[in-house]
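*Asks:* Take this structure first; my questions come after.
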Amino acid sequence: MALEVRTLTPAEEPLWDAFVDAHPQGSPFHLLAWKKTLEGAFGYQPEYVVAIDSGKLRGVLPLFLIRNPIMGRVLLSSPFAMYGGILADSAETLAAISAHVAHLAKRFDVQYLELRNRFPEQCTGFDRIERYVDFVQPTTITGEEQLLEALPKKTRNMVRKTMKHAYSSRITQDLGAFYRLMTHSYRRLGTPIFPRSYFAGLLRNFGPIADLREILLDGKVAAASINFLYHGEMHTFYAASDQNLLHAAPNNYMYFDYLLWAARNGFPRFDFGRSKLDTGTYEFKRHWLTEMSELPYEILLVKRKDLPNFSPKNPKFELALKIWQRMPLVVTRLLGPRLIRLFP
């Protein structure tokens, strides 16, 4: 039989996750738990694509149709995800899925199709977006002092500073402190906050693949994060810290603690996550033992004539960002979940 590329059916869902688990480029954002989370929290329309040959799955693409007054109609792989794009077993399969979704984009009459690839091998030949980089660190050092000595001097000094404080860490299921820190952090950045139900959905749908961790200082939550544990990698996906405790450098303690935990628990890589070029988080992550790589995102323009930029770094959003930063927290908590769905 010839390779068939079409929409995922419910009967094929177990095959999908098995394929993602076995693929070296598979990520949590390719798993069906991500699909379930976004459908539940935002109601986006999934258009998941499979390539099948003689009953065998040979390629997948998690894809959503987004419709809103800001972006118009867009096909995206995947909303709010750091990584997406095609997983294929060969160049032939990659090309077949690429051709299929290009046709799909025209049939849906979208503004554009975006693929958030992590690896160059996923690229289809669409236009590239050079906006984000990823930071990954091998976790081969299990000793606290040995890891300290391996860190760059500036970061090592900051971590040693944290050790003068009574820090500890724990895994929890209570989103209260995490969500409180996130709402403060997102308002400070000028970004709408996600609904709490979205974070609850991540923990519920991903199960043991995702965890919520808190960093405590003298019994008070100083920082918290939601992390993915998948494919030999610990990935801190969302994180926030208490700005009133910055003098004690909770972020430095958190990442140092996570690097040791990953090394001691069988995760040979730690993913600091993506950052926009030339931002504060970019500079922070660059000063660890990280390996930086450009994220080769791609866009196929359909109705649009120029590459879109809905990033907060876009000068067009500067005024709105400043207004948001000055709004009362109670207002941003109320409006944020309604607005964030417009910028996936």
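Residue names in the structure tokens use chain letters A, B, ... in the order shown, residue numbers from 1 in each chain, and ligand numbers from 1 in the order shown.
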Within 9 Å of segment 274-282 of chain A, which residues of segment 51-147 of chain A show up? Give each one with its shortest atom-to-atom distance in Å (one decimal) and the two atoms involved, counting only C-alpha atoms, rows by chain then rising residue number, as a tab-separated table.
*Replies:*
```
residue	atom	partner	partner_atom	distance
A:Met82	CA	A:Arg274	CA	6.6
A:Glu130	CA	A:Leu277	CA	8.9
A:Arg131	CA	A:Lys276	CA	5.9
A:Tyr132	CA	A:Lys276	CA	4.6
A:Val133	CA	A:Arg274	CA	5.4
A:Asp134	CA	A:Arg274	CA	4.3
A:Phe135	CA	A:Arg274	CA	6.5
```
*Asks:* Mind checking which residues fall within 9 Å of segment 53-58 of chain A, counting only C-alpha atoms, ignoring those fewer than 3 positions away in the same chain, and posting them as a PyMOL selection string?
*Replies:* chain A and resi 1-5+12+15-16+19+50+87-90+93
*Asks:* Convert the current residue selection to file output with N, CA and C atoms, as a CSV table (one decimal), in the first residue's frame.
*Replies:*
```
chain,number,residue,atom,x,y,z
A,1,MET,N,0.8,-1.2,0.0
A,1,MET,CA,0.0,0.0,0.0
A,1,MET,C,0.9,1.3,0.0
A,2,ALA,N,0.4,2.3,-0.6
A,2,ALA,CA,1.1,3.6,-0.6
A,2,ALA,C,0.9,4.3,0.7
A,3,LEU,N,1.8,5.2,1.0
A,3,LEU,CA,1.8,6.0,2.2
A,3,LEU,C,0.5,6.8,2.2
A,4,GLU,N,-0.3,6.8,3.2
A,4,GLU,CA,-1.5,7.5,3.4
A,4,GLU,C,-1.3,8.6,4.5
A,5,VAL,N,-1.6,9.8,4.1
A,5,VAL,CA,-1.5,10.9,5.1
A,5,VAL,C,-2.9,11.5,5.3
A,12,GLU,N,-6.7,5.1,16.4
A,12,GLU,CA,-5.2,5.1,16.3
A,12,GLU,C,-4.5,5.8,17.4
A,15,LEU,N,-1.6,4.1,19.1
A,15,LEU,CA,-0.4,4.0,18.2
A,15,LEU,C,0.3,5.3,18.2
A,16,TRP,N,-0.4,6.4,18.3
A,16,TRP,CA,0.2,7.7,18.3
A,16,TRP,C,1.3,7.9,19.4
A,19,PHE,N,4.3,5.8,19.1
A,19,PHE,CA,5.2,6.3,18.1
A,19,PHE,C,6.0,7.4,18.6
A,50,VAL,N,-1.6,12.0,10.7
A,50,VAL,CA,-0.8,10.8,10.7
A,50,VAL,C,-0.4,10.3,9.3
A,87,LEU,N,7.1,14.5,13.3
A,87,LEU,CA,8.0,13.4,13.7
A,87,LEU,C,7.8,12.4,12.6
A,88,ALA,N,8.9,12.0,11.9
A,88,ALA,CA,8.7,11.1,10.8
A,88,ALA,C,9.9,10.0,10.9
A,89,ASP,N,9.6,8.9,10.2
A,89,ASP,CA,10.6,7.8,10.2
A,89,ASP,C,11.6,7.9,9.0
A,90,SER,N,11.3,8.8,8.1
A,90,SER,CA,12.1,9.0,6.9
A,90,SER,C,11.9,10.3,6.2
A,93,THR,N,8.5,10.3,4.4
A,93,THR,CA,7.4,10.6,5.2
A,93,THR,C,7.3,12.0,5.6
```
*Asks:* Just the residues within 8 Å of segment 35-38 of chain A, please, counting only C-alpha atoms, with nothing from its chain fewer than 3 positions along; format it as an MDAnalysis selection string.
*Replies:* chainID A and resid 31:32 41:44 46 62 79 198 201:202 205
*Asks:* Leaving out segment 114-127 of chain A and any residue of its chain fewer than 6 positions from it, which residues lie within 10 Å of it when counting only C-alpha atoms, given as a ChimeraX atom specification?
*Replies:* /A:25-27,61-63,74-88,90-91,94-95,97-99,102,133-134,274,293-301,307-308
*Asks:* Each residue of segment 123-188 of chain A with at least one atom at most 10 Å from segment 319-324 of chain A should appear once, together with its nearest atom pair and the corresponding distance in Å (one decimal); atoms considered: only C-alpha atoms; ordering: chain, then increasing residue number; output as CSV.
*Replies:*
```
residue,atom,partner,partner_atom,distance
A:Tyr186,CA,A:Trp324,CA,9.6
A:Arg187,CA,A:Trp324,CA,6.6
A:Arg188,CA,A:Trp324,CA,8.3
```
*Asks:* Choose the residue, out of A:Tyr112, A:Tyr179, A:Phe194, A:Trp288, that has the smallest atom-to-atom separation from Arg156 of chain A; count only C-alpha atoms.
*Replies:*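 Distance minimum relative to Arg156 of chain A lands on A:Trp288.
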*Asks:* May I ask which of the residues A:Leu245, A:Ile209, A:Leu335, A:Val302 is the closest one to Lys106 of chain A, counting only C-alpha atoms?
*Replies:*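 Smallest distance to Lys106 of chain A is found for A:Val302.
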*Asks:* Taking only C-alpha atoms into account, which of A:Ser225, A:Asn244, A:Thr191, A:Gln325 comes nearest Pro337 of chain A?
*Replies:*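 The answer is A:Thr191, which sits nearest to Pro337 of chain A.
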*Asks:* Which one is closest to Thr236 of chain A: A:Glu39, A:Asp21, A:Asp271, A:Asp257? Count only C-alpha atoms.
*Replies:* A:Asp271
*Asks:* Let's see if you can do this: from backbone DSSP, list all strand (DSSP E or B) residues in segment 93-312 of chain A, as a VMD selection string.
*Replies:* chain A and resid 112 to 115 127 to 129 132 to 138 167 to 172 210 to 217 220 to 230 233 to 241 269 to 276 291 to 294 297 to 301
*Asks:* Could you name the residues that touch Leu212 of chain A at 12 Å or less, counting only C-alpha atoms, but leaving out those on the same chain fewer than 5 positions away, as JSON, numbers by chain?
*Replies:* {"A": [169, 170, 171, 172, 173, 174, 175, 176, 177, 178, 179, 199, 200, 202, 203, 204, 206, 207, 223, 224, 225, 226, 227, 228, 229, 235, 236, 237, 238, 239, 240]}
